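Peer 1: Have a look at this one before I ask anything.
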Amino acid sequence: MTAQVQARIAPQMAEESAKRRQIVEGARQIFLAHGFDAASMNDIAKAAGVSKGTLYVYFQNKEQLFEAIVHEECQVHAENTFDLDPANRDVEAVLNRLGCAYIEFLCRPAKASALRTVIAIADRMPEIGKVFYETGPAVGISRLADYLRAQVPAGVLAIADVELAAAQFLDACQATLFKPVLFNFREAPKPERIAYAVGIAVKTFLAAYRAK
């Protein structure tokens, strides 16, 4: 591709990317305010400030839009929270930081609301549930498992099944914190409460898997 062609295409691509972002943000507002079933493409177009015709250029239906939002949310979460350095041997500090960031993210009202929506529609739209799991929980478990795996030959941890151990730790961090928020039983926990519960999860994990 010549420099002249690139110069012509670049602004167009940037404009299309900005328009897509505008639509996704409008859809996010509508889904959070009304839920998936009550949301309409008309409402989304109005919230995004675009015509319905423009909306359909980028997304065929609200299922595609919701899937895009789910994928993006999970990707951002994985990049920010599960950025783990395998050379860092201070497992206790790494797990404490990870656990607190993970629970703080999960318990945000908007995140819990989105998860309720995924759960509600996963039966009739399993592809959305699949996207959510593959780009969210599965990525988190895999990245943590990679970190734990690096600590085994280093003599820091003794773990036979690192994927199971990673999933166990993330589930333990949620104890008493996430489900009350998910079911609208309680507001998001305070940072001190998160640190307390995650600290116990870390101690329990290390008691089971620290190399003797």
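To be explicit about the labels: the chains of the structure tokens are called A, B, and onward in the order shown, and within each one the residues are counted from 1, while ligands get numbers from 1 in the order they are shown.
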Can you list, as a PyMOL selection string, all residues belonging to region 20-205 of chain A that DSSP tags as alpha helix (DSSP H)?
Peer 2: chain A and resi 20-38+41-48+52-58+62-81+91-106+109-121+126-135+137-151+162-174+178-182+191-205
Peer 1: Those residues you just picked out, can you put them in a file as a compact mmCIF listing (two decimals), in the first residue's frame with C-alpha atoms?
Peer 2:
# COMPACT_ATOMS: atom_id res chain seq x y z
CA ARG A 20 -18.34 2.36 16.40
CA ARG A 21 -17.21 3.50 19.85
CA GLN A 22 -20.07 6.01 19.93
CA ILE A 23 -22.57 3.26 19.15
CA VAL A 24 -21.14 0.84 21.70
CA GLU A 25 -21.27 3.49 24.44
CA GLY A 26 -24.87 4.33 23.57
CA ALA A 27 -25.79 0.65 23.67
CA ARG A 28 -24.03 0.22 27.02
CA GLN A 29 -26.18 3.00 28.51
CA ILE A 30 -29.41 1.45 27.22
CA PHE A 31 -28.57 -2.09 28.30
CA LEU A 32 -27.66 -0.93 31.81
CA ALA A 33 -30.77 1.23 32.10
CA HIS A 34 -33.36 -1.15 30.62
CA GLY A 35 -31.81 -4.62 30.46
CA PHE A 36 -31.27 -6.66 27.33
CA ASP A 37 -34.85 -7.67 26.55
CA ALA A 38 -36.36 -4.20 26.95
CA MET A 41 -32.28 -0.71 18.36
CA ASN A 42 -34.29 2.54 18.17
CA ASP A 43 -33.37 3.38 21.77
CA ILE A 44 -29.73 2.50 21.13
CA ALA A 45 -29.59 4.68 17.99
CA LYS A 46 -31.02 7.64 19.93
CA ALA A 47 -28.63 7.18 22.84
CA ALA A 48 -25.68 6.89 20.45
CA LYS A 52 -30.88 3.60 12.71
CA GLY A 53 -29.39 3.03 9.26
CA THR A 54 -25.93 3.92 10.54
CA LEU A 55 -26.42 1.60 13.51
CA TYR A 56 -27.15 -1.35 11.20
CA VAL A 57 -24.01 -0.64 9.16
CA TYR A 58 -21.96 -1.59 12.22
CA LYS A 62 -28.70 -5.96 19.51
CA GLU A 63 -27.28 -9.44 20.14
CA GLN A 64 -24.15 -8.49 18.19
CA LEU A 65 -23.95 -5.22 20.09
CA PHE A 66 -24.25 -6.86 23.46
CA GLU A 67 -21.68 -9.48 22.48
CA ALA A 68 -19.26 -6.69 21.48
CA ILE A 69 -19.74 -4.98 24.84
CA VAL A 70 -19.22 -8.21 26.77
CA HIS A 71 -16.07 -9.02 24.80
CA GLU A 72 -14.65 -5.53 25.32
CA GLU A 73 -15.40 -5.47 29.06
CA CYS A 74 -13.76 -8.85 29.57
CA GLN A 75 -10.73 -7.93 27.48
CA VAL A 76 -10.09 -4.70 29.39
CA HIS A 77 -10.51 -6.51 32.70
CA ALA A 78 -8.08 -9.25 31.70
CA GLU A 79 -5.46 -6.79 30.44
CA ASN A 80 -5.60 -4.58 33.53
CA THR A 81 -6.15 -7.08 36.34
CA VAL A 91 3.42 -14.74 45.43
CA GLU A 92 1.67 -13.39 48.51
CA ALA A 93 1.91 -9.78 47.31
CA VAL A 94 0.92 -10.71 43.75
CA LEU A 95 -2.14 -12.66 44.88
CA ASN A 96 -3.24 -9.95 47.30
CA ARG A 97 -3.05 -7.29 44.60
CA LEU A 98 -4.77 -9.50 42.05
CA GLY A 99 -7.51 -10.63 44.41
CA CYS A 100 -8.40 -7.11 45.54
CA ALA A 101 -8.44 -5.74 41.97
CA TYR A 102 -10.50 -8.70 40.79
CA ILE A 103 -13.19 -8.32 43.46
CA GLU A 104 -13.30 -4.54 43.19
CA PHE A 105 -13.99 -4.94 39.46
CA LEU A 106 -16.57 -7.70 39.87
CA PRO A 109 -22.74 -2.10 40.13
CA ALA A 110 -22.43 -1.85 36.34
CA LYS A 111 -20.40 -5.07 36.13
CA ALA A 112 -22.79 -7.02 38.34
CA SER A 113 -25.71 -5.74 36.26
CA ALA A 114 -24.03 -6.86 33.04
CA LEU A 115 -23.36 -10.30 34.49
CA ARG A 116 -27.01 -10.66 35.53
CA THR A 117 -27.96 -9.91 31.93
CA VAL A 118 -25.54 -12.51 30.56
CA ILE A 119 -26.91 -15.13 32.97
CA ALA A 120 -30.50 -14.24 32.08
CA ILE A 121 -30.00 -14.68 28.33
CA PRO A 126 -25.60 -19.57 24.48
CA GLU A 127 -23.11 -17.92 22.12
CA ILE A 128 -23.14 -14.80 24.33
CA GLY A 129 -22.54 -16.89 27.43
CA LYS A 130 -19.72 -18.64 25.56
CA VAL A 131 -18.10 -15.32 24.56
CA PHE A 132 -18.36 -14.04 28.11
CA TYR A 133 -16.75 -17.12 29.62
CA GLU A 134 -14.03 -17.49 26.98
CA THR A 135 -12.97 -13.83 27.10
CA PRO A 137 -13.28 -16.06 33.46
CA ALA A 138 -11.33 -18.46 31.22
CA VAL A 139 -8.71 -15.81 30.40
CA GLY A 140 -8.32 -14.86 34.05
CA ILE A 141 -7.85 -18.46 35.12
CA SER A 142 -5.40 -19.11 32.28
CA ARG A 143 -3.26 -16.07 33.05
CA LEU A 144 -3.15 -16.80 36.75
CA ALA A 145 -2.36 -20.45 35.99
CA ASP A 146 0.58 -19.31 33.82
CA TYR A 147 1.91 -17.22 36.71
CA LEU A 148 1.53 -20.08 39.20
CA ARG A 149 3.13 -22.53 36.77
CA ALA A 150 6.26 -20.35 36.66
CA GLN A 151 6.55 -20.51 40.45
CA VAL A 162 -2.26 -25.07 38.29
CA GLU A 163 -5.51 -24.37 36.43
CA LEU A 164 -7.57 -25.88 39.24
CA ALA A 165 -5.51 -23.98 41.82
CA ALA A 166 -6.03 -20.70 39.92
CA ALA A 167 -9.79 -21.25 39.73
CA GLN A 168 -9.91 -22.17 43.42
CA PHE A 169 -8.13 -18.97 44.40
CA LEU A 170 -10.39 -16.71 42.33
CA ASP A 171 -13.49 -18.43 43.72
CA ALA A 172 -12.16 -18.11 47.27
CA CYS A 173 -11.67 -14.37 46.80
CA GLN A 174 -15.37 -14.00 46.00
CA PHE A 178 -19.64 -11.08 45.19
CA LYS A 179 -22.85 -13.11 45.42
CA PRO A 180 -24.57 -10.63 47.78
CA VAL A 181 -23.88 -7.92 45.18
CA LEU A 182 -24.90 -10.13 42.25
CA PRO A 191 -11.97 -1.79 50.28
CA GLU A 192 -11.16 -2.85 53.86
CA ARG A 193 -13.62 -5.74 53.66
CA ILE A 194 -12.24 -6.81 50.27
CA ALA A 195 -8.68 -6.72 51.61
CA TYR A 196 -9.72 -8.76 54.66
CA ALA A 197 -11.48 -11.50 52.67
CA VAL A 198 -8.80 -11.65 49.98
CA GLY A 199 -6.09 -11.82 52.65
CA ILE A 200 -7.70 -14.95 54.09
CA ALA A 201 -8.00 -16.47 50.59
CA VAL A 202 -4.28 -15.83 50.02
CA LYS A 203 -3.29 -17.37 53.37
CA THR A 204 -5.45 -20.43 52.68
CA PHE A 205 -3.97 -20.79 49.18
